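J.: Hey, dropping entry.txt in here, compact mmCIF, C-alpha atoms:
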```txt
# COMPACT_ATOMS: atom_id res chain seq x y z
CA ASP D 22 0.00 0.00 0.00
CA GLU D 23 1.45 3.37 -1.01
CA GLU D 24 0.07 4.82 2.22
CA GLY D 25 1.68 2.09 4.31
CA THR D 26 4.41 2.68 6.86
CA ILE D 27 5.13 -0.87 8.02
CA LYS D 28 7.68 -2.80 5.96
CA ALA D 29 6.30 -5.88 4.22
CA LEU D 30 8.83 -8.69 3.96
CA ARG D 31 8.91 -10.79 0.83
CA SER D 32 11.36 -13.45 -0.27
CA VAL D 33 13.37 -10.78 -2.12
CA ASN D 34 13.97 -9.01 1.21
CA ILE D 35 15.84 -12.00 2.70
CA ARG D 36 19.40 -12.26 1.40
CA ASN D 37 22.44 -13.95 2.93
CA GLY D 38 20.94 -13.99 6.39
CA MET D 39 20.27 -10.27 6.35
CA PHE D 40 17.37 -7.94 5.69
CA SER D 41 17.46 -6.26 2.28
CA GLU D 42 15.31 -3.30 1.33
CA THR D 43 15.31 -4.38 -2.33
CA ARG D 44 12.00 -3.34 -3.88
CA GLN D 45 10.65 -2.62 -0.40
CA GLU D 46 6.88 -2.58 -0.07
CA PHE D 47 4.69 -1.51 2.84
CA VAL D 48 1.39 -2.27 4.53
CA THR D 49 -0.80 0.09 6.53
CA GLU D 50 -0.99 -0.08 10.30
CA ASP D 51 -4.67 -1.00 9.98
CA PHE D 52 -3.86 -3.95 7.69
CA TYR D 53 -1.05 -5.01 10.03
CA ASN D 54 -3.33 -4.97 13.06
CA LYS D 55 -6.07 -6.96 11.29
CA ASN D 56 -3.63 -9.71 10.17
CA PRO D 57 -1.77 -11.05 13.21
CA ARG D 58 -0.50 -14.18 11.42
CA GLY D 59 1.87 -12.08 9.32
CA GLN D 60 3.19 -9.94 12.14
CA VAL D 61 6.93 -10.48 12.58
CA LYS D 62 8.42 -10.14 16.03
CA THR D 63 11.99 -9.67 17.19
CA ASN D 64 13.84 -13.02 17.25
CA ASP D 65 11.46 -14.68 14.79
CA LEU D 66 13.25 -17.01 12.40
CA LEU D 67 12.00 -16.35 8.86
CA ILE D 68 12.29 -18.83 6.01
CA ALA D 69 11.42 -18.00 2.40
CA SER D 70 9.12 -20.90 1.64
CA THR D 71 8.46 -20.54 -2.07
CA GLY D 72 10.12 -19.83 -5.40
CA VAL D 73 13.09 -20.98 -7.44
CA GLY D 74 16.13 -19.04 -6.25
CA THR D 75 14.45 -17.78 -3.10
CA LEU D 76 13.17 -20.92 -1.38
CA GLY D 77 15.23 -21.64 1.71
CA ARG D 78 16.57 -18.16 2.38
CA VAL D 79 16.74 -17.61 6.14
CA LEU D 80 16.73 -14.52 8.34
CA LEU D 81 16.74 -14.12 12.10
CA ASN D 82 14.79 -10.93 12.65
CA ASN D 83 16.65 -8.54 14.93
CA GLN D 84 14.60 -5.49 13.97
CA LEU D 85 12.69 -3.74 16.75
CA GLU D 86 10.27 -2.06 14.37
CA PRO D 87 7.08 -3.85 13.36
CA LEU D 88 7.40 -5.92 10.17
CA PHE D 89 4.86 -7.91 8.18
CA ALA D 90 5.66 -11.16 6.35
CA ASP D 91 3.79 -12.06 3.19
CA GLY D 92 2.40 -15.55 2.65
CA HIS D 93 5.64 -16.78 1.09
CA ILE D 94 7.58 -16.53 4.33
CA THR D 95 7.26 -19.02 7.16
CA ILE D 96 7.61 -17.51 10.63
CA ILE D 97 9.17 -19.69 13.33
CA ARG D 98 8.99 -18.35 16.86
CA ASP D 99 9.18 -19.28 20.51
CA ILE D 100 12.18 -21.55 20.08
CA GLU D 101 13.46 -22.37 23.53
CA ASN D 102 16.83 -23.59 24.73
CA ARG D 103 18.60 -23.09 21.39
CA ASN D 104 20.90 -20.36 20.16
CA LEU D 105 18.84 -18.63 17.46
CA HIS D 106 21.91 -17.38 15.59
CA PHE D 107 23.24 -20.93 15.46
CA LEU D 108 19.90 -22.17 14.07
CA SER D 109 19.84 -19.40 11.48
CA LEU D 110 23.38 -20.19 10.35
CA PHE D 111 22.77 -23.95 10.27
CA LEU D 112 19.69 -23.51 8.06
CA GLN D 113 21.73 -21.31 5.70
CA SER D 114 24.62 -23.76 5.54
CA LYS D 115 25.01 -26.17 2.63
CA ILE D 116 23.60 -28.96 4.79
CA GLY D 117 20.66 -26.91 6.07
CA PHE D 118 19.84 -25.64 2.60
CA ALA D 119 20.00 -29.20 1.22
CA LEU D 120 17.62 -30.38 3.95
CA ILE D 121 15.18 -27.60 3.05
CA THR D 122 15.32 -28.16 -0.71
CA ARG D 123 14.86 -31.92 -0.29
CA ARG D 124 11.46 -31.20 1.20
CA GLN D 125 10.34 -28.81 -1.52
CA ARG D 126 7.23 -29.61 -3.48
CA GLY D 127 6.03 -28.50 -6.88
CA SER D 128 7.82 -27.64 -10.10
CA SER D 129 8.17 -25.02 -12.86
CA GLY D 130 9.12 -22.19 -10.54
CA GLN D 131 6.17 -22.83 -8.23
CA ILE D 132 8.14 -24.80 -5.67
CA GLU D 133 7.43 -24.42 -1.97
CA ILE D 134 8.03 -25.94 1.41
CA TYR D 135 5.27 -26.21 4.01
CA PRO D 136 5.53 -25.39 7.72
CA ASP D 137 5.16 -29.06 8.69
CA ASP D 138 8.08 -29.92 6.41
CA ILE D 139 10.18 -27.19 8.01
CA GLY D 140 9.22 -28.54 11.43
CA SER D 141 10.54 -31.97 10.45
CA LEU D 142 14.05 -30.74 9.60
CA PRO D 143 16.66 -32.69 11.59
CA ILE D 144 18.76 -30.06 13.31
CA PRO D 145 21.87 -31.24 15.17
CA ARG D 146 22.17 -30.59 18.87
CA PHE D 147 25.48 -29.48 20.33
CA ASP D 148 26.54 -28.37 23.81
CA ASP D 149 25.15 -24.92 24.57
CA SER D 150 28.71 -23.59 24.71
CA VAL D 151 29.39 -24.81 21.15
CA GLU D 152 26.11 -23.43 19.78
CA ASN D 153 26.77 -20.12 21.55
CA GLU D 154 30.30 -19.87 20.15
CA ILE D 155 29.04 -20.58 16.62
CA GLY D 156 26.20 -18.09 17.08
CA ASN D 157 28.56 -15.40 18.41
CA ASN D 158 30.95 -15.89 15.49
CA TYR D 159 28.02 -15.58 13.10
CA VAL D 160 26.88 -12.32 14.72
CA GLN D 161 30.41 -10.94 14.43
CA ALA D 162 30.52 -11.94 10.76
CA LEU D 163 27.18 -10.22 10.04
CA THR D 164 28.41 -7.09 11.82
CA LYS D 165 31.56 -7.01 9.70
CA ILE D 166 29.55 -7.54 6.51
CA LYS D 167 27.30 -4.60 7.40
CA SER D 168 30.36 -2.43 8.17
CA SER D 169 31.96 -3.39 4.86
CA GLU D 170 28.80 -2.44 2.98
CA ILE D 171 28.86 1.02 4.57
CA LEU D 172 32.57 1.45 3.77
CA TYR D 173 31.96 0.32 0.18
CA GLN D 174 29.21 2.91 -0.24
CA GLU D 175 31.46 5.61 1.19
CA ALA D 176 34.32 4.61 -1.14
CA GLU D 177 32.00 4.55 -4.15
CA ALA D 178 30.55 7.98 -3.26
CA LEU D 179 34.04 9.44 -2.91
CA LEU D 180 35.09 7.93 -6.24
CA LEU D 181 32.04 9.36 -7.99
CA HIS D 182 32.68 12.74 -6.39
CA GLU D 183 36.32 12.78 -7.50
CA LEU D 184 35.26 11.82 -11.04
CA GLY D 185 32.67 14.62 -11.00
CA LEU D 186 29.84 12.12 -11.49
CA ASP D 187 27.99 12.62 -8.18
```
Could you render the structure as structure tokens?
T.:
Amino acid sequence: DEEGTIKALRSVNIRNGMFSETRQEFVTEDFYNKNPRGQVKTNDLLIASTGVGTLGRVLLNNQLEPLFADGHITIIRDIENRNLHFLSLFLQSKIGFALITRRQRGSSGQIEIYPDDIGSLPIPRFDDSVENEIGNNYVQALTKIKSSEILYQEAEALLLHELGLD
């Protein structure tokens, strides 16, 4: 909705474990309030559950602002006694992605995975200390990626300025 102020998440907005504002769309607060199933909360694990090239993308939501997931994103919440960053990274790993794509259904670009199939994924269990170390390393990696993106934009802006193309 052009009048909307709440970001609507679609598969295109989940990339490499991070939130992308690519072709960002919005919903109104009224729509958001009337549709609680799509309301995304902090620490929800989001999985793109449809589409060739997008199925299986994973994001652990760390946003504090309200977000709304469209019907092509499965929301997993209230996971207890597991490091959420570890889970997010595992699902994005080659093994996690293979487990997700093995459960896909459909063909011709209309592939999808259902919530029950996601719930049946065998996820390894490690000592809490191991899962926490993996999760902490993943958070540090995401932080460095975000920093590098900012530095890249600054370098590109400076280059364009020096070339007189800004």
J.: Nearest to D:Ala69: which of D:Pro136, D:Gly156, D:Pro87, D:Pro57 is it, counting only C-alpha atoms?
T.: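 Between D:Pro136, D:Gly156, D:Pro87, D:Pro57, the residue approaching D:Ala69 most closely is D:Pro136.
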J.: Between D:Leu80, D:Leu66, D:Leu163, D:Ile121, single out the one closest to D:Asp99, counting all atoms listed in the file.
T.: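 Smallest distance to D:Asp99 is found for D:Leu66.
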J.: For D:Asn56, which of D:Glu154, D:Asp91, D:Asp138, D:Glu183 is the closest residue, counting only C-alpha atoms?
T.: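 Of the candidates, the smallest distance to D:Asn56 is held by D:Asp91.
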J.: One decimal, in Å: what's the spacing between atom CA of D:Arg31 and atom CA of D:Ile132?
T.: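 Distance reported for this atom pair: 15.5 Å.
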J.: Point out the residue among D:Val48, D:Met39, D:Val151, D:Val79 with the least atom-to-atom distance to D:Glu23, counting only C-alpha atoms.
T.: D:Val48
J.: Would you mind reading off the distance between atom CA of D:Pro145 and atom CA of D:Ser70, one decimal, in Å?
T.: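 Straight-line distance from atom CA of D:Pro145 to atom CA of D:Ser70 works out to 21.3 Å.
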J.: Determine the nearest neighbour of D:Asp148 from the options D:Ile68, D:Glu42, D:Asn104, D:Gln174, counting all atoms listed in the file.
T.: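 The shortest atom-to-atom distance to D:Asp148 comes from D:Asn104.
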J.: Work out how far atom CA of D:Ala29 is from atom CA of D:Gln45, in Å to one decimal.
T.: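 So the two atoms, atom CA of D:Gln45 and atom CA of D:Ala29, lie 7.1 Å apart.
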J.: Return the single residue from D:Leu110, D:Ile139, D:Val73, D:Val61 that is closest to D:Phe89, with distances computed using only C-alpha atoms.
T.: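 The closest residue to D:Phe89 is D:Val61.
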J.: Can you tell me, as a PyMOL selection string, which residues sit within 12 Å of (-4.9, -5.6, 6.2) in the file's frame, using all atoms listed in the file?
T.: chain D and resi 22+25+27+29+47-60+89-91
J.: Give me the residues within 9 Å of D:Ile144 as an NGL selection string, counting only C-alpha atoms and dropping any in the same chain fewer than 2 places off.
T.: :D and (108 or 111-112 or 117 or 141-142 or 146)
J.: Using all atoms listed in the file, can you list as number ranges by chain the residues within 10 Å of (10.1, -13.0, -2.6)?
T.: D: 30-35, 44, 69-76, 78, 91-94
